[in-house]
Amino acid sequence: MKEIDFYEKIKDWDFSMINYSEECLTDWDLVKLINLNANSESKILDLGTGGGEKVLEYFPDCKEILATDLSNEMIKTANANLQKSGRKNITFRQMDNLNMDTPDNYFDIVVARHTCIDAKQIYNTLKEGGKLLVRGVDKLDCWSLKLFFGKGQAFRDIKPISLLDYENIINAGFKNVELVPIHTREYYKTKNDLLALLLKTPILNDCSETEENDEMEENVEIDDEILDKYILENTTEKGILLIRRYYGITATK
Ligand SMILES: C[S@@+](CC[C@H](N)C(=O)[O-])C[C@H]1O[C@@H](n2cnc3c(N)ncnc32)[C@H](O)[C@@H]1O
């Protein structure tokens, strides 16, 4: 299955139906950084916005927010969510992050949360002094779970995507580039909550951001026996533990 078909099928990026809590051990916070860098005159671009869930809930009121996604189904969801939210100055539309058509020297901030990027194209669309804020899912994300299953997203990647993004951002000409690891503990209330996450996300799909083809395993089978073993070894007072590893990158044009 093509990666785009996976997202067209999911249609949103809403996890509110899953019962889990989280503790972050590191203090790199994307929302705080957006708010720190934005003011009422800012123009912000959010790449790979999904159903607009994060933009509508956490992005500040400012002059203009353009939020884009490759998937038309995600954009439909985002526009429905926008209507319900009553927020102003936000536009959702379809765009490929790897073939951007936004104007040069236009945005003050570009945000990319859990999506692919082309650093050079982002560089072009940012104003001089503009900020790039990236949060990504790293190779080590859910590593203990992936080890149980012997597979998963980025499981076979030789170079982690965090390092590739970091190098590409430096090579595109950005200054003050910082790569920060983010370590989060998630606790799932029940097996069904953990299963809901695994069925909705590509965590256990054998796919790679670093390979040329964008094929994804279809209808990933989750071996019940292996999952039960993982749950047995990772059940804590707070729930079923899943260690997440993300990364944050900040950079200035
Ligand atoms: C994991 S979701 C993240 C959604 C949102 N940024 C968030 O953090 O909740 C990844 C999103 O990136 C989009 N995406 C994947 N490849 C893309 C591309 N080449 N151009 C634009 N969007 C893309 C998918 O359709 C999906 O909505």
# chains A, B, ... in the order shown; residues from 1 in each chain; ligands from 1
call {"tool": "residues_near_ligand", "arguments": {"ligand": "ligand 1", "cutoff": "9 Å", "atoms": "only C-alpha atoms and all ligand atoms", "output": "PyMOL selection string"}}
result
chain A and resi 3-8+10-14+46-55+68-75+94-100+111-117+135-137+201-202
call {"tool": "residues_around", "arguments": {"residues": "stretch 232-243 of chain A", "least_positions_apart": "2", "cutoff": "12 Å", "atoms": "only C-alpha atoms", "output": "PyMOL selection string"}}
result
chain A and resi 19-25+137-138+140-146+148+182-195+197-198+203+225-230+245-246
call {"tool": "select_by_dssp", "arguments": {"residues": "stretch 100-179 of chain A", "states": "alpha helix (DSSP H)", "output": "ChimeraX atom specification"}}
result
/A:119-125,143-149,161-171
call {"tool": "closest_residue", "arguments": {"among": "A:Ala119, A:Cys62, A:Ala196, A:Leu204", "to": "A:Ile170", "atoms": "only C-alpha atoms"}}
result
A:Ala119
call {"tool": "residues_around", "arguments": {"residues": "A:Asn35", "least_positions_apart": "2", "cutoff": "10 Å", "atoms": "only C-alpha atoms", "output": "PDB file with C-alpha atoms, in the first residue's frame"}}
result
ATOM      1  CA  LEU A  30       6.882  22.376  20.415  1.00  0.00           C
ATOM      2  CA  VAL A  31       3.836  24.381  21.518  1.00  0.00           C
ATOM      3  CA  LYS A  32       5.911  26.478  23.939  1.00  0.00           C
ATOM      4  CA  LEU A  33       8.432  27.187  21.171  1.00  0.00           C
ATOM      5  CA  ASN A  37       8.508  32.753  18.550  1.00  0.00           C
ATOM      6  CA  ALA A  38       5.090  33.999  17.377  1.00  0.00           C
ATOM      7  CA  ASN A  39       3.345  37.344  17.796  1.00  0.00           C
ATOM      8  CA  TYR A  58      -2.495  24.831  20.337  1.00  0.00           C
ATOM      9  CA  PHE A  59      -1.372  27.373  17.711  1.00  0.00           C
ATOM     10  CA  PRO A  60      -1.655  31.028  18.802  1.00  0.00           C
ATOM     11  CA  ASP A  61      -3.947  33.616  17.195  1.00  0.00           C
TER      12      ASP A  61
END
call {"tool": "residues_around", "arguments": {"residues": "A:Phe107", "least_positions_apart": "5", "cutoff": "9 Å", "atoms": "only C-alpha atoms", "output": "list in words"}}
result
Ser42, Lys43, Ile44, Leu45, Thr125, Leu126, Lys127, Gly130 and Lys131 of chain A
call {"tool": "write_last_selection", "arguments": {"atoms": "N, CA and C atoms", "output": "PDB file, in the first residue's frame"}}
result
ATOM      1  N   SER A  42       2.541  37.363  13.122  1.00  0.00           N
ATOM      2  CA  SER A  42       3.251  36.218  12.519  1.00  0.00           C
ATOM      3  C   SER A  42       2.422  35.518  11.446  1.00  0.00           C
ATOM      4  N   LYS A  43       3.163  35.019  10.446  1.00  0.00           N
ATOM      5  CA  LYS A  43       2.571  34.128   9.442  1.00  0.00           C
ATOM      6  C   LYS A  43       3.209  32.760   9.667  1.00  0.00           C
ATOM      7  N   ILE A  44       2.356  31.763   9.916  1.00  0.00           N
ATOM      8  CA  ILE A  44       2.865  30.428  10.275  1.00  0.00           C
ATOM      9  C   ILE A  44       2.397  29.397   9.249  1.00  0.00           C
ATOM     10  N   LEU A  45       3.308  28.519   8.867  1.00  0.00           N
ATOM     11  CA  LEU A  45       2.969  27.395   7.988  1.00  0.00           C
ATOM     12  C   LEU A  45       3.118  26.105   8.774  1.00  0.00           C
ATOM     13  N   THR A 125      10.817  29.288   1.641  1.00  0.00           N
ATOM     14  CA  THR A 125       9.532  29.914   1.971  1.00  0.00           C
ATOM     15  C   THR A 125       9.591  30.742   3.255  1.00  0.00           C
ATOM     16  N   LEU A 126      10.669  30.570   4.039  1.00  0.00           N
ATOM     17  CA  LEU A 126      10.813  31.367   5.268  1.00  0.00           C
ATOM     18  C   LEU A 126      11.399  32.737   4.955  1.00  0.00           C
ATOM     19  N   LYS A 127      10.989  33.721   5.770  1.00  0.00           N
ATOM     20  CA  LYS A 127      11.634  35.046   5.695  1.00  0.00           C
ATOM     21  C   LYS A 127      13.028  34.954   6.298  1.00  0.00           C
ATOM     22  N   GLY A 130      13.522  33.871   9.912  1.00  0.00           N
ATOM     23  CA  GLY A 130      12.380  33.008  10.247  1.00  0.00           C
ATOM     24  C   GLY A 130      12.829  31.714  10.915  1.00  0.00           C
ATOM     25  N   LYS A 131      11.895  31.079  11.626  1.00  0.00           N
ATOM     26  CA  LYS A 131      12.241  29.880  12.416  1.00  0.00           C
ATOM     27  C   LYS A 131      11.642  28.618  11.820  1.00  0.00           C
TER      28      LYS A 131
END
call {"tool": "atom_distance", "arguments": {"atom1": "atom CA of A:Gly150", "atom2": "atom CA of A:Val180"}}
result
26.7 Å
call {"tool": "closest_residue", "arguments": {"among": "A:Gln121, A:Thr91, A:Thr77, A:Asn205", "to": "A:Arg156", "atoms": "only C-alpha atoms"}}
result
A:Asn205
call {"tool": "select_by_dssp", "arguments": {"residues": "stretch 41-238 of chain A", "states": "strand (DSSP E or B)", "output": "ChimeraX atom specification"}}
result
/A:43-47,64-69,90-94,107-113,126-137,175-188,215,235-236
call {"tool": "write_last_selection", "arguments": {"atoms": "N, CA and C atoms", "output": "compact mmCIF listing (two decimals), in the first residue's frame"}}
result
# COMPACT_ATOMS: atom_id res chain seq x y z
N LYS A 43 3.16 35.02 10.45
CA LYS A 43 2.57 34.13 9.44
C LYS A 43 3.21 32.76 9.67
N ILE A 44 2.36 31.76 9.92
CA ILE A 44 2.87 30.43 10.27
C ILE A 44 2.40 29.40 9.25
N LEU A 45 3.31 28.52 8.87
CA LEU A 45 2.97 27.39 7.99
C LEU A 45 3.12 26.11 8.77
N ASP A 46 2.06 25.28 8.80
CA ASP A 46 2.15 23.96 9.46
C ASP A 46 2.10 22.88 8.38
N LEU A 47 3.20 22.14 8.26
CA LEU A 47 3.30 21.11 7.21
C LEU A 47 2.79 19.77 7.73
N GLU A 64 -1.74 35.03 10.13
CA GLU A 64 -2.11 34.01 9.14
C GLU A 64 -1.52 32.66 9.52
N ILE A 65 -2.37 31.63 9.46
CA ILE A 65 -1.84 30.26 9.58
C ILE A 65 -2.29 29.50 8.34
N LEU A 66 -1.32 28.97 7.61
CA LEU A 66 -1.63 28.06 6.51
C LEU A 66 -1.21 26.67 6.97
N ALA A 67 -2.14 25.71 6.90
CA ALA A 67 -1.82 24.35 7.35
C ALA A 67 -2.14 23.41 6.19
N THR A 68 -1.16 22.57 5.83
CA THR A 68 -1.28 21.78 4.60
C THR A 68 -1.06 20.29 4.88
N ASP A 69 -1.58 19.47 4.00
CA ASP A 69 -1.36 18.02 4.10
C ASP A 69 -1.47 17.42 2.71
N ILE A 90 -7.16 30.97 9.71
CA ILE A 90 -6.52 29.67 9.46
C ILE A 90 -7.08 29.10 8.15
N THR A 91 -6.16 28.67 7.27
CA THR A 91 -6.58 28.03 6.02
C THR A 91 -5.96 26.65 5.96
N PHE A 92 -6.77 25.66 5.61
CA PHE A 92 -6.25 24.31 5.36
C PHE A 92 -6.32 24.03 3.87
N ARG A 93 -5.23 23.49 3.31
CA ARG A 93 -5.29 23.07 1.92
C ARG A 93 -4.28 21.97 1.63
N GLN A 94 -4.51 21.30 0.50
CA GLN A 94 -3.65 20.18 0.12
C GLN A 94 -2.31 20.70 -0.41
N PHE A 107 6.96 33.22 5.18
CA PHE A 107 6.52 32.82 6.52
C PHE A 107 7.55 33.19 7.59
N ASP A 108 7.02 33.48 8.79
CA ASP A 108 7.91 33.76 9.93
C ASP A 108 8.29 32.46 10.63
N ILE A 109 7.36 31.50 10.61
CA ILE A 109 7.60 30.22 11.30
C ILE A 109 7.08 29.09 10.42
N VAL A 110 7.87 28.05 10.26
CA VAL A 110 7.38 26.81 9.63
C VAL A 110 7.46 25.71 10.67
N VAL A 111 6.34 25.00 10.85
CA VAL A 111 6.26 23.91 11.81
C VAL A 111 6.06 22.60 11.04
N ALA A 112 6.78 21.57 11.45
CA ALA A 112 6.56 20.23 10.86
C ALA A 112 6.55 19.24 12.01
N ARG A 113 5.36 18.72 12.33
CA ARG A 113 5.24 17.79 13.46
C ARG A 113 4.90 16.41 12.91
N LEU A 126 10.67 30.57 4.04
CA LEU A 126 10.81 31.37 5.27
C LEU A 126 11.40 32.74 4.95
N LYS A 127 10.99 33.72 5.77
CA LYS A 127 11.63 35.05 5.69
C LYS A 127 13.03 34.95 6.30
N GLU A 128 13.87 35.93 6.02
CA GLU A 128 15.17 36.03 6.68
C GLU A 128 14.94 36.12 8.19
N GLY A 129 15.61 35.32 8.96
CA GLY A 129 15.41 35.34 10.42
C GLY A 129 14.25 34.46 10.88
N GLY A 130 13.52 33.87 9.91
CA GLY A 130 12.38 33.01 10.25
C GLY A 130 12.83 31.71 10.91
N LYS A 131 11.90 31.08 11.63
CA LYS A 131 12.24 29.88 12.42
C LYS A 131 11.64 28.62 11.82
N LEU A 132 12.41 27.55 11.87
CA LEU A 132 11.90 26.22 11.54
C LEU A 132 11.83 25.43 12.84
N LEU A 133 10.65 24.84 13.12
CA LEU A 133 10.46 24.03 14.32
C LEU A 133 9.97 22.65 13.87
N VAL A 134 10.78 21.64 14.13
CA VAL A 134 10.45 20.28 13.70
C VAL A 134 10.31 19.40 14.93
N ARG A 135 9.28 18.56 14.96
CA ARG A 135 9.25 17.48 15.95
C ARG A 135 9.01 16.20 15.15
N GLY A 136 9.86 15.21 15.39
CA GLY A 136 9.75 13.99 14.60
C GLY A 136 9.74 12.75 15.46
N VAL A 137 9.40 11.64 14.82
CA VAL A 137 9.40 10.34 15.49
C VAL A 137 10.71 9.67 15.14
N LYS A 175 20.87 28.44 10.17
CA LYS A 175 21.84 28.73 11.25
C LYS A 175 21.26 28.24 12.56
N ASN A 176 22.08 28.22 13.60
CA ASN A 176 21.65 27.85 14.97
C ASN A 176 20.83 26.56 14.99
N VAL A 177 21.29 25.56 14.29
CA VAL A 177 20.50 24.31 14.20
C VAL A 177 20.77 23.46 15.45
N GLU A 178 19.72 23.09 16.15
CA GLU A 178 19.87 22.26 17.35
C GLU A 178 18.97 21.05 17.26
N LEU A 179 19.53 19.88 17.56
CA LEU A 179 18.76 18.62 17.56
C LEU A 179 18.68 18.14 19.00
N VAL A 180 17.46 17.94 19.49
CA VAL A 180 17.26 17.59 20.90
C VAL A 180 16.44 16.30 21.01
N PRO A 181 16.92 15.29 21.75
CA PRO A 181 16.11 14.08 21.92
C PRO A 181 14.95 14.32 22.90
N ILE A 182 13.82 13.74 22.62
CA ILE A 182 12.65 13.87 23.50
C ILE A 182 12.27 12.47 23.98
N HIS A 183 12.21 12.29 25.29
CA HIS A 183 11.95 10.96 25.86
C HIS A 183 10.64 11.03 26.65
N THR A 184 9.67 10.26 26.23
CA THR A 184 8.35 10.31 26.86
C THR A 184 7.91 8.91 27.27
N ARG A 185 7.30 8.81 28.47
CA ARG A 185 6.70 7.53 28.88
C ARG A 185 5.20 7.64 28.70
N GLU A 186 4.63 6.70 27.97
CA GLU A 186 3.17 6.66 27.86
C GLU A 186 2.66 5.44 28.61
N TYR A 187 1.50 5.59 29.27
CA TYR A 187 0.90 4.48 30.01
C TYR A 187 -0.50 4.24 29.47
N TYR A 188 -0.73 3.06 28.89
CA TYR A 188 -2.03 2.72 28.31
C TYR A 188 -2.87 1.98 29.34
N GLU A 215 6.27 2.48 -0.06
CA GLU A 215 5.32 1.39 0.21
C GLU A 215 5.21 1.16 1.71
N THR A 235 3.70 -4.01 32.31
CA THR A 235 2.56 -3.46 33.07
C THR A 235 3.07 -2.86 34.37
N THR A 236 2.69 -1.63 34.62
CA THR A 236 3.11 -0.91 35.82
C THR A 236 1.86 -0.42 36.54
call {"tool": "closest_residue", "arguments": {"among": "A:Met17, A:Ile231, A:Cys207, A:Ala251", "to": "A:Asn171", "atoms": "only C-alpha atoms"}}
result
A:Ala251
call {"tool": "closest_residue", "arguments": {"among": "A:Leu147, A:Thr250, A:Gly86, A:Lys139", "to": "A:Phe174", "atoms": "only C-alpha atoms"}}
result
A:Thr250
call {"tool": "atom_distance", "arguments": {"atom1": "atom CA of A:Asn124", "atom2": "atom CA of A:Asn105"}}
result
6.1 Å
call {"tool": "atom_distance", "arguments": {"atom1": "atom CA of A:Glu57", "atom2": "atom CA of A:Lys76"}}
result
17.2 Å
call {"tool": "decode", "arguments": {"residues": "stretch 22-51 of chain A", "atoms": "N, CA and C atoms", "output": "PDB file, in the first residue's frame"}}
result
ATOM      1  N   GLU A  22       0.686  10.492  29.874  1.00  0.00           N
ATOM      2  CA  GLU A  22       2.102  10.560  29.493  1.00  0.00           C
ATOM      3  C   GLU A  22       2.916  11.416  30.452  1.00  0.00           C
ATOM      4  N   GLU A  23       4.197  11.062  30.556  1.00  0.00           N
ATOM      5  CA  GLU A  23       5.158  11.858  31.334  1.00  0.00           C
ATOM      6  C   GLU A  23       6.327  12.116  30.412  1.00  0.00           C
ATOM      7  N   CYS A  24       6.711  13.392  30.279  1.00  0.00           N
ATOM      8  CA  CYS A  24       7.854  13.693  29.426  1.00  0.00           C
ATOM      9  C   CYS A  24       9.075  13.954  30.305  1.00  0.00           C
ATOM     10  N   LEU A  25      10.173  13.267  30.015  1.00  0.00           N
ATOM     11  CA  LEU A  25      11.375  13.410  30.838  1.00  0.00           C
ATOM     12  C   LEU A  25      12.272  14.546  30.361  1.00  0.00           C
ATOM     13  N   THR A  26      11.940  15.109  29.198  1.00  0.00           N
ATOM     14  CA  THR A  26      12.769  16.195  28.656  1.00  0.00           C
ATOM     15  C   THR A  26      11.872  17.418  28.441  1.00  0.00           C
ATOM     16  N   ASP A  27      12.490  18.602  28.318  1.00  0.00           N
ATOM     17  CA  ASP A  27      11.627  19.786  28.322  1.00  0.00           C
ATOM     18  C   ASP A  27      11.542  20.518  26.982  1.00  0.00           C
ATOM     19  N   TRP A  28      11.795  19.828  25.894  1.00  0.00           N
ATOM     20  CA  TRP A  28      11.639  20.447  24.562  1.00  0.00           C
ATOM     21  C   TRP A  28      10.162  20.373  24.203  1.00  0.00           C
ATOM     22  N   ASP A  29       9.508  21.530  24.130  1.00  0.00           N
ATOM     23  CA  ASP A  29       8.063  21.534  23.938  1.00  0.00           C
ATOM     24  C   ASP A  29       7.695  22.369  22.707  1.00  0.00           C
ATOM     25  N   LEU A  30       7.164  21.708  21.690  1.00  0.00           N
ATOM     26  CA  LEU A  30       6.882  22.376  20.415  1.00  0.00           C
ATOM     27  C   LEU A  30       5.912  23.545  20.591  1.00  0.00           C
ATOM     28  N   VAL A  31       4.849  23.325  21.355  1.00  0.00           N
ATOM     29  CA  VAL A  31       3.836  24.381  21.518  1.00  0.00           C
ATOM     30  C   VAL A  31       4.440  25.609  22.203  1.00  0.00           C
ATOM     31  N   LYS A  32       5.255  25.353  23.244  1.00  0.00           N
ATOM     32  CA  LYS A  32       5.911  26.478  23.939  1.00  0.00           C
ATOM     33  C   LYS A  32       6.788  27.261  22.957  1.00  0.00           C
ATOM     34  N   LEU A  33       7.524  26.521  22.110  1.00  0.00           N
ATOM     35  CA  LEU A  33       8.432  27.187  21.171  1.00  0.00           C
ATOM     36  C   LEU A  33       7.673  27.985  20.123  1.00  0.00           C
ATOM     37  N   ILE A  34       6.528  27.457  19.665  1.00  0.00           N
ATOM     38  CA  ILE A  34       5.723  28.205  18.682  1.00  0.00           C
ATOM     39  C   ILE A  34       5.274  29.513  19.329  1.00  0.00           C
ATOM     40  N   ASN A  35       4.761  29.411  20.556  1.00  0.00           N
ATOM     41  CA  ASN A  35       4.254  30.600  21.244  1.00  0.00           C
ATOM     42  C   ASN A  35       5.359  31.605  21.556  1.00  0.00           C
ATOM     43  N   LEU A  36       6.525  31.086  21.863  1.00  0.00           N
ATOM     44  CA  LEU A  36       7.670  31.947  22.167  1.00  0.00           C
ATOM     45  C   LEU A  36       8.106  32.748  20.935  1.00  0.00           C
ATOM     46  N   ASN A  37       8.011  32.124  19.774  1.00  0.00           N
ATOM     47  CA  ASN A  37       8.508  32.753  18.550  1.00  0.00           C
ATOM     48  C   ASN A  37       7.446  33.554  17.798  1.00  0.00           C
ATOM     49  N   ALA A  38       6.166  33.345  18.136  1.00  0.00           N
ATOM     50  CA  ALA A  38       5.090  33.999  17.377  1.00  0.00           C
ATOM     51  C   ALA A  38       4.623  35.281  18.060  1.00  0.00           C
ATOM     52  N   ASN A  39       4.070  36.196  17.246  1.00  0.00           N
ATOM     53  CA  ASN A  39       3.345  37.344  17.796  1.00  0.00           C
ATOM     54  C   ASN A  39       2.114  37.566  16.910  1.00  0.00           C
ATOM     55  N   SER A  40       1.364  38.621  17.180  1.00  0.00           N
ATOM     56  CA  SER A  40       0.082  38.800  16.478  1.00  0.00           C
ATOM     57  C   SER A  40       0.280  39.019  14.970  1.00  0.00           C
ATOM     58  N   GLU A  41       1.494  39.419  14.553  1.00  0.00           N
ATOM     59  CA  GLU A  41       1.760  39.678  13.129  1.00  0.00           C
ATOM     60  C   GLU A  41       2.359  38.472  12.399  1.00  0.00           C
ATOM     61  N   SER A  42       2.541  37.363  13.122  1.00  0.00           N
ATOM     62  CA  SER A  42       3.251  36.218  12.519  1.00  0.00           C
ATOM     63  C   SER A  42       2.422  35.518  11.446  1.00  0.00           C
ATOM     64  N   LYS A  43       3.163  35.019  10.446  1.00  0.00           N
ATOM     65  CA  LYS A  43       2.571  34.128   9.442  1.00  0.00           C
ATOM     66  C   LYS A  43       3.209  32.760   9.667  1.00  0.00           C
ATOM     67  N   ILE A  44       2.356  31.763   9.916  1.00  0.00           N
ATOM     68  CA  ILE A  44       2.865  30.428  10.275  1.00  0.00           C
ATOM     69  C   ILE A  44       2.397  29.397   9.249  1.00  0.00           C
ATOM     70  N   LEU A  45       3.308  28.519   8.867  1.00  0.00           N
ATOM     71  CA  LEU A  45       2.969  27.395   7.988  1.00  0.00           C
ATOM     72  C   LEU A  45       3.118  26.105   8.774  1.00  0.00           C
ATOM     73  N   ASP A  46       2.057  25.281   8.800  1.00  0.00           N
ATOM     74  CA  ASP A  46       2.150  23.962   9.459  1.00  0.00           C
ATOM     75  C   ASP A  46       2.105  22.884   8.383  1.00  0.00           C
ATOM     76  N   LEU A  47       3.195  22.137   8.260  1.00  0.00           N
ATOM     77  CA  LEU A  47       3.300  21.106   7.213  1.00  0.00           C
ATOM     78  C   LEU A  47       2.790  19.766   7.726  1.00  0.00           C
ATOM     79  N   GLY A  48       2.111  18.989   6.890  1.00  0.00           N
ATOM     80  CA  GLY A  48       1.613  17.665   7.287  1.00  0.00           C
ATOM     81  C   GLY A  48       0.714  17.782   8.502  1.00  0.00           C
ATOM     82  N   THR A  49      -0.284  18.634   8.385  1.00  0.00           N
ATOM     83  CA  THR A  49      -1.095  19.045   9.547  1.00  0.00           C
ATOM     84  C   THR A  49      -2.081  17.978  10.014  1.00  0.00           C
ATOM     85  N   GLY A  50      -2.309  16.940   9.199  1.00  0.00           N
ATOM     86  CA  GLY A  50      -3.299  15.916   9.563  1.00  0.00           C
ATOM     87  C   GLY A  50      -4.689  16.526   9.535  1.00  0.00           C
ATOM     88  N   GLY A  51      -5.508  16.213  10.523  1.00  0.00           N
ATOM     89  CA  GLY A  51      -6.868  16.777  10.601  1.00  0.00           C
ATOM     90  C   GLY A  51      -6.881  18.130  11.292  1.00  0.00           C
TER      91      GLY A  51
END
